[in-house]
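Coordinates as given in upload-v5.pdb (PDB, C-alpha atoms):
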MODEL        1
ATOM      1  CA  GLU N   1      -4.788   9.457  -8.050
ATOM      2  CA  GLU N   2      -2.213   8.539  -5.450
ATOM      3  CA  GLY N   3      -0.741   6.149  -8.027
ATOM      4  CA  HIS N   4       1.402   8.962  -9.419
ATOM      5  CA  LEU N   5       3.593   8.607  -6.326
ATOM      6  CA  HIS N   6       6.007   5.647  -6.737
ATOM      7  CA  ALA N   7       4.028   4.411  -9.771
ATOM      8  CA  TRP N   8       5.476   1.661 -11.935
ATOM      9  CA  HIS N   9       2.563   1.518 -14.372
ATOM     10  CA  MET N  10      -0.378   3.906 -14.621
ATOM     11  CA  LYS N  11      -3.634   3.200 -16.430
ATOM     12  CA  LEU N  12      -4.744   5.842 -18.887
ATOM     13  CA  ARG N  13      -7.490   8.053 -17.555
ATOM     14  CA  THR N  14      -9.144  11.348 -18.277
ATOM     15  CA  LYS N  15      -9.452  13.985 -15.586
ATOM     16  CA  ARG N  16     -11.045  17.404 -15.865
ATOM     17  CA  GLY N  17     -11.307  20.051 -13.193
ATOM     18  CA  TRP N  18      -9.639  22.752 -11.150
ATOM     19  CA  VAL N  19      -8.154  23.559  -7.754
ATOM     20  CA  ASN N  20      -7.838  26.838  -5.825
ATOM     21  CA  LEU N  21      -5.959  27.403  -2.585
ATOM     22  CA  MET N  22      -7.362  29.567   0.204
ATOM     23  CA  ALA N  23      -4.484  31.116   2.161
ATOM     24  CA  GLU N  24      -5.582  32.205   5.638
ATOM     25  CA  GLU N  25      -3.490  34.576   7.728
ATOM     26  CA  ALA N  26      -3.455  35.211  11.485
ATOM     27  CA  ASN N  27      -4.948  38.708  11.074
ATOM     28  CA  GLY N  28      -8.079  37.190   9.506
ATOM     29  CA  ASP N  29      -7.179  37.980   5.883
ATOM     30  CA  LYS N  30      -8.025  35.292   3.314
ATOM     31  CA  PHE N  31      -6.612  35.153  -0.199
ATOM     32  CA  LEU N  32      -7.814  32.804  -2.934
ATOM     33  CA  TYR N  33      -5.055  31.666  -5.308
ATOM     34  CA  ARG N  34      -5.259  29.572  -8.464
ATOM     35  CA  PRO N  35      -1.958  27.644  -8.779
ATOM     36  CA  THR N  36      -2.213  27.503 -12.573
ATOM     37  CA  ALA N  37      -2.117  31.330 -12.642
ATOM     38  CA  ASP N  38       1.241  31.433 -10.817
ATOM     39  CA  PRO N  39       3.576  33.187 -13.296
ATOM     40  CA  PHE N  40       6.646  31.995 -11.396
ATOM     41  CA  VAL N  41       6.023  28.294 -12.088
ATOM     42  CA  ALA N  42       7.185  26.707 -15.358
ATOM     43  CA  SER N  43       4.414  25.816 -17.779
ATOM     44  CA  GLY N  44       5.382  22.132 -17.730
ATOM     45  CA  GLN N  45       4.840  22.055 -13.974
ATOM     46  CA  LEU N  46       1.515  23.904 -13.873
ATOM     47  CA  ASP N  47      -0.548  21.037 -15.289
ATOM     48  CA  LYS N  48       0.923  18.586 -12.784
ATOM     49  CA  ILE N  49       0.308  20.841  -9.773
ATOM     50  CA  GLU N  50      -3.418  20.921 -10.412
ATOM     51  CA  VAL N  51      -4.075  17.240 -11.142
ATOM     52  CA  ARG N  52      -1.481  15.271  -9.150
ATOM     53  CA  PRO N  53      -1.971  15.232  -5.374
ATOM     54  CA  HIS N  54       1.718  14.849  -4.555
ATOM     55  CA  ALA N  55       2.645  17.732  -6.870
ATOM     56  CA  LEU N  56       0.012  19.937  -5.204
ATOM     57  CA  LEU N  57       1.450  19.127  -1.782
ATOM     58  CA  LEU N  58       4.988  19.989  -2.956
ATOM     59  CA  TYR N  59       3.626  23.265  -4.348
ATOM     60  CA  THR N  60       1.877  23.925  -1.029
ATOM     61  CA  ALA N  61       5.193  23.533   0.819
ATOM     62  CA  ALA N  62       6.905  25.978  -1.550
ATOM     63  CA  PHE N  63       3.940  28.370  -1.303
ATOM     64  CA  ALA N  64       4.156  28.265   2.498
ATOM     65  CA  ARG N  65       7.880  29.069   2.290
ATOM     66  CA  ILE N  66       7.132  32.097   0.074
ATOM     67  CA  HIS N  67       4.692  33.333   2.734
ATOM     68  CA  MET N  68       7.365  32.787   5.401
ATOM     69  CA  MET N  69       9.940  34.741   3.340
ATOM     70  CA  ALA N  70       7.377  37.530   2.833
ATOM     71  CA  GLY N  71       6.817  37.812   6.586
ATOM     72  CA  ARG N  72       3.163  36.834   6.223
ATOM     73  CA  ASN N  73       1.708  34.992   9.223
ATOM     74  CA  LEU N  74       0.060  32.119   7.374
ATOM     75  CA  THR N  75      -2.210  29.929   9.498
ATOM     76  CA  ALA N  76      -3.720  27.562   6.909
ATOM     77  CA  ILE N  77      -3.898  26.637   3.235
ATOM     78  CA  ARG N  78      -7.235  25.068   2.364
ATOM     79  CA  PRO N  79      -8.024  23.439  -1.012
ATOM     80  CA  LEU N  80     -11.195  24.102  -2.995
ATOM     81  CA  SER N  81     -11.539  21.827  -6.013
ATOM     82  CA  CYS N  82     -13.806  20.033  -8.450
ATOM     83  CA  PHE N  83     -12.789  17.159 -10.736
ATOM     84  CA  SER N  84     -14.367  14.468 -12.867
ATOM     85  CA  LEU N  85     -12.390  11.267 -13.469
ATOM     86  CA  ASN N  86     -13.182   8.996 -16.430
ATOM     87  CA  GLY N  87     -16.671  10.434 -16.833
ATOM     88  CA  ARG N  88     -17.647   9.971 -13.191
ATOM     89  CA  PRO N  89     -19.734  12.683 -11.486
ATOM     90  CA  SER N  90     -17.852  15.857 -10.568
ATOM     91  CA  ALA N  91     -16.778  16.110  -6.939
ATOM     92  CA  PRO N  92     -14.009  17.713  -4.865
ATOM     93  CA  LEU N  93     -10.716  15.821  -5.195
ATOM     94  CA  TYR N  94      -8.955  17.700  -2.425
ATOM     95  CA  GLY N  95     -10.707  18.143   0.866
ATOM     96  CA  PRO N  96     -12.813  18.191   2.933
ATOM     97  CA  PRO N  97     -12.951  22.012   2.563
ATOM     98  CA  ASN N  98     -11.829  22.618   6.152
ATOM     99  CA  VAL N  99      -8.672  20.505   5.781
ATOM    100  CA  ASP N 100      -5.382  22.374   6.186
ATOM    101  CA  LEU N 101      -2.806  21.140   3.665
ATOM    102  CA  LEU N 102      -0.008  22.555   5.832
ATOM    103  CA  ASP N 103      -0.672  19.704   8.268
ATOM    104  CA  TYR N 104       0.451  17.207   5.607
ATOM    105  CA  VAL N 105       3.451  18.826   3.870
ATOM    106  CA  GLY N 106       6.629  16.828   4.323
ATOM    107  CA  SER N 107       4.959  13.643   5.554
ATOM    108  CA  TYR N 108       2.914  12.325   2.622
ATOM    109  CA  GLU N 109       5.925  10.701   0.956
ATOM    110  CA  LEU N 110       6.633   8.463   3.948
ATOM    111  CA  ILE N 111       5.941   4.753   3.592
ATOM    112  CA  PRO N 112       3.705   2.916   6.102
ATOM    113  CA  PRO N 113       3.618   2.831   9.063
ATOM    114  CA  PHE N 114       5.029   6.399   9.050
ATOM    115  CA  GLY N 115       2.755   7.574   6.266
ATOM    116  CA  GLY N 116      -0.198   6.214   4.354
ATOM    117  CA  SER N 117      -3.066   7.011   2.078
ATOM    118  CA  ALA N 118      -4.342  10.566   1.984
ATOM    119  CA  VAL N 119      -7.903   9.466   1.171
ATOM    120  CA  GLY N 120     -10.140  10.590   4.001
ATOM    121  CA  LYS N 121      -7.465  13.019   5.231
ATOM    122  CA  TRP N 122      -6.826  15.549   2.456
ATOM    123  CA  LEU N 123      -8.131  13.596  -0.556
ATOM    124  CA  THR N 124     -11.772  12.626  -0.969
ATOM    125  CA  PRO N 125     -13.009   9.194  -2.080
ATOM    126  CA  MET N 126     -13.915   8.870  -5.753
ATOM    127  CA  PRO N 127     -17.679   9.084  -6.374
ATOM    128  CA  ALA N 128     -19.386   6.099  -7.987
ATOM    129  CA  TYR N 129     -20.824   6.168 -11.490
ATOM    130  CA  GLY N 130     -24.435   7.318 -11.471
ATOM    131  CA  GLU N 131     -24.167   9.613  -8.429
ATOM    132  CA  SER N 132     -25.091  13.279  -8.771
ATOM    133  CA  SER N 133     -22.324  15.803  -9.419
ATOM    134  CA  LEU N 134     -21.377  17.833  -6.369
ATOM    135  CA  CYS N 135     -19.748  20.762  -8.215
ATOM    136  CA  ASP N 136     -18.988  22.274 -11.646
ATOM    137  CA  ASN N 137     -15.646  21.069 -12.976
ATOM    138  CA  ARG N 138     -15.575  23.643 -15.797
ATOM    139  CA  HIS N 139     -15.376  26.926 -13.881
ATOM    140  CA  ASP N 140     -13.268  27.452 -10.801
ATOM    141  CA  MET N 141     -14.070  30.063  -8.157
ATOM    142  CA  VAL N 142     -11.191  32.410  -9.028
ATOM    143  CA  HIS N 143     -11.886  32.330 -12.752
ATOM    144  CA  SER N 144     -15.544  33.131 -12.244
ATOM    145  CA  SER N 145     -14.979  35.905  -9.683
ATOM    146  CA  ASN N 146     -11.779  37.681 -10.810
ATOM    147  CA  ASP N 147     -10.068  38.319 -14.093
ATOM    148  CA  GLY N 148      -6.818  36.515 -14.905
ATOM    149  CA  MET N 149      -4.577  39.582 -14.530
ATOM    150  CA  ALA N 150      -5.808  40.229 -10.978
ATOM    151  CA  GLN N 151      -4.844  36.670 -10.067
ATOM    152  CA  ILE N 152      -1.383  37.009 -11.619
ATOM    153  CA  ASN N 153      -0.884  40.343  -9.840
ATOM    154  CA  ALA N 154      -1.707  38.705  -6.489
ATOM    155  CA  PHE N 155       1.128  36.217  -7.051
ATOM    156  CA  VAL N 156       3.518  38.938  -8.232
ATOM    157  CA  ALA N 157       2.816  41.041  -5.118
ATOM    158  CA  LEU N 158       3.431  38.062  -2.824
ATOM    159  CA  TYR N 159       6.685  37.105  -4.538
ATOM    160  CA  LYS N 160       7.874  40.729  -4.542
ATOM    161  CA  GLN N 161       7.178  40.975  -0.808
ATOM    162  CA  ALA N 162       9.320  37.837  -0.381
ATOM    163  CA  GLY N 163      12.169  39.455  -2.334
ATOM    164  CA  ILE N 164      11.842  37.119  -5.330
ATOM    165  CA  LYS N 165      12.288  38.526  -8.832
ATOM    166  CA  GLN N 166      11.282  37.203 -12.220
ATOM    167  CA  MET N 167      13.513  38.093 -15.109
ATOM    168  CA  HIS N 168      14.305  35.462 -17.747
ATOM    169  CA  LYS N 169      14.323  33.060 -14.790
ATOM    170  CA  VAL N 170      13.026  33.272 -11.228
ATOM    171  CA  VAL N 171      15.715  34.651  -8.936
ATOM    172  CA  ALA N 172      15.912  34.167  -5.162
ATOM    173  CA  PRO N 173      16.624  37.157  -2.872
ATOM    174  CA  ASP N 174      20.334  36.207  -2.788
ATOM    175  CA  GLY N 175      20.545  36.464  -6.604
ATOM    176  CA  THR N 176      20.781  32.725  -7.343
ATOM    177  CA  PRO N 177      18.269  30.830  -9.508
ATOM    178  CA  ALA N 178      15.226  29.914  -7.434
ATOM    179  CA  TYR N 179      15.075  26.360  -8.822
ATOM    180  CA  THR N 180      18.311  25.551  -6.971
ATOM    181  CA  LYS N 181      16.768  26.349  -3.582
ATOM    182  CA  GLY N 182      14.543  23.297  -3.046
ATOM    183  CA  TRP N 183      11.770  25.466  -1.597
ATOM    184  CA  TYR N 184       9.354  22.526  -1.878
ATOM    185  CA  LYS N 185      11.336  20.616   0.764
ATOM    186  CA  VAL N 186      10.376  20.827   4.415
ATOM    187  CA  ASP N 187      13.717  21.662   6.003
ATOM    188  CA  ALA N 188      14.361  22.608   9.642
ATOM    189  CA  GLU N 189      13.549  26.295   9.039
ATOM    190  CA  LEU N 190      10.182  25.638   7.389
ATOM    191  CA  ALA N 191       9.338  22.871   9.882
ATOM    192  CA  ALA N 192       9.955  25.269  12.794
ATOM    193  CA  TRP N 193       7.821  27.939  11.122
ATOM    194  CA  LEU N 194       4.989  25.475  10.541
ATOM    195  CA  ASP N 195       5.267  24.247  14.112
ATOM    196  CA  SER N 196       5.018  27.803  15.488
ATOM    197  CA  ARG N 197       1.860  28.293  13.404
ATOM    198  CA  ARG N 198       0.265  25.302  15.138
ATOM    199  CA  LYS N 199       1.121  26.650  18.599
ATOM    200  CA  SER N 200      -0.291  30.129  18.023
TER     201      SER N 200
ENDMDL
END
Write out the structure in this file as structure tokens.
Amino acid sequence: EEGHLHAWHMKLRTKRGWVNLMAEEANGDKFLYRPTADPFVASGQLDKIEVRPHALLLYTAAFARIHMMAGRNLTAIRPLSCFSLNGRPSAPLYGPPNVDLLDYVGSYELIPPFGGSAVGKWLTPMPAYGESSLCDNRHDMVHSSNDGMAQINAFVALYKQAGIKQMHKVVAPDGTPAYTKGWYKVDAELAAWLDSRRKS
């Protein structure tokens, strides 16, 4: 799955599954978000966020920035997922479950020796054919525990707290289109915020 990053040719494959993100805050609150329910992300991007590791990490960086803008003291973003690739047994793609994706934003794109494979860090190895499935790739945790509108409302409340509006396009607090902001990039402001999270 890492082949999507810097790929020249990709073999065709079939992948089925889901991913949820558990946002943990310093006060002990935990919120489960399903990225594909985010009404502020374009439909063409939603499919990529869920199934492409690099896209999920870029989304995680932007999601962390939204928390920062909202004044929420985010301590971790943990992935919960289940995928089946080319008919293999279902297993988590992102993980292990205690991994904090915030530890990897902004560094995954680096070439060796500064960066490297995410397998064993925040991606799990692919299970072999014939192994038992470790999860159900048809029903994610959010979908089975909450209705879709509740999930959308959770995103809307977070974005509103951050001062972001959605009209015919998503608008940043300063009134400019949000897509011009590069919120997925780890700039000095976000890097400092992430660093302070690690120290507290």
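Within the file as shown, the PyMOL selection byres ((chain N and resi 69) around 12) identifies Ala62, Phe63, Ala64, Arg65, Ile66, His67, Met68, Ala70, Gly71, Arg72, Asn73, Leu74, Leu158, Tyr159, Lys160, Gln161, Ala162, Gly163, Ile164, Ala172, Pro173, Trp183, Glu189, Leu190 and Trp193 of chain N.
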Reference answer for the PyMOL selection byres ((chain N and resi 170) around 12), as a tab-separated table (two decimals) with C-alpha atoms, in the frame of the given file:
chain	number	residue	atom	x	y	z
N	38	ASP	CA	1.24	31.43	-10.82
N	39	PRO	CA	3.58	33.19	-13.30
N	40	PHE	CA	6.65	32.00	-11.40
N	41	VAL	CA	6.02	28.29	-12.09
N	42	ALA	CA	7.18	26.71	-15.36
N	156	VAL	CA	3.52	38.94	-8.23
N	159	TYR	CA	6.68	37.10	-4.54
N	160	LYS	CA	7.87	40.73	-4.54
N	163	GLY	CA	12.17	39.46	-2.33
N	164	ILE	CA	11.84	37.12	-5.33
N	165	LYS	CA	12.29	38.53	-8.83
N	166	GLN	CA	11.28	37.20	-12.22
N	167	MET	CA	13.51	38.09	-15.11
N	168	HIS	CA	14.30	35.46	-17.75
N	169	LYS	CA	14.32	33.06	-14.79
N	171	VAL	CA	15.72	34.65	-8.94
N	172	ALA	CA	15.91	34.17	-5.16
N	173	PRO	CA	16.62	37.16	-2.87
N	174	ASP	CA	20.33	36.21	-2.79
N	175	GLY	CA	20.54	36.46	-6.60
N	176	THR	CA	20.78	32.72	-7.34
N	177	PRO	CA	18.27	30.83	-9.51
N	178	ALA	CA	15.23	29.91	-7.43
N	179	TYR	CA	15.08	26.36	-8.82
N	180	THR	CA	18.31	25.55	-6.97
N	181	LYS	CA	16.77	26.35	-3.58
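Here atom CA of N:Ala150 and atom CA of N:Ala61 stand 23.2 Å from one another.
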_Selection result of the PyMOL selection byres ((chain N and resi 128-132) around 12) on this file, as an NGL selection string_ = :N and (84-91 or 125-127 or 133-136)
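A straight line drawn from atom CA of N:Ala192 to atom CA of N:Pro97 is 25.3 Å long.
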*Between N:Asn20, N:Ser196, N:Ser117, N:Gln151, single out the one closest to N:Pro92, counting only C-alpha atoms.*
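Under the stated criterion, the closest residue is N:Asn20.
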*How many Å separate atom CA of N:Gly116 from atom CA of N:His54?*
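Rounded to one decimal, the two atoms are 12.6 Å apart.
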*May I ask which of the residues N:Ser107, N:Thr75, N:Thr14, N:Gln45 is the closest one to N:Asn27, counting only C-alpha atoms?*
N:Thr75
*Counting all atoms listed in the file, which of N:Cys82, N:Ile49, N:Leu102, N:Leu32 gets nearest to N:Arg16?*
N:Cys82
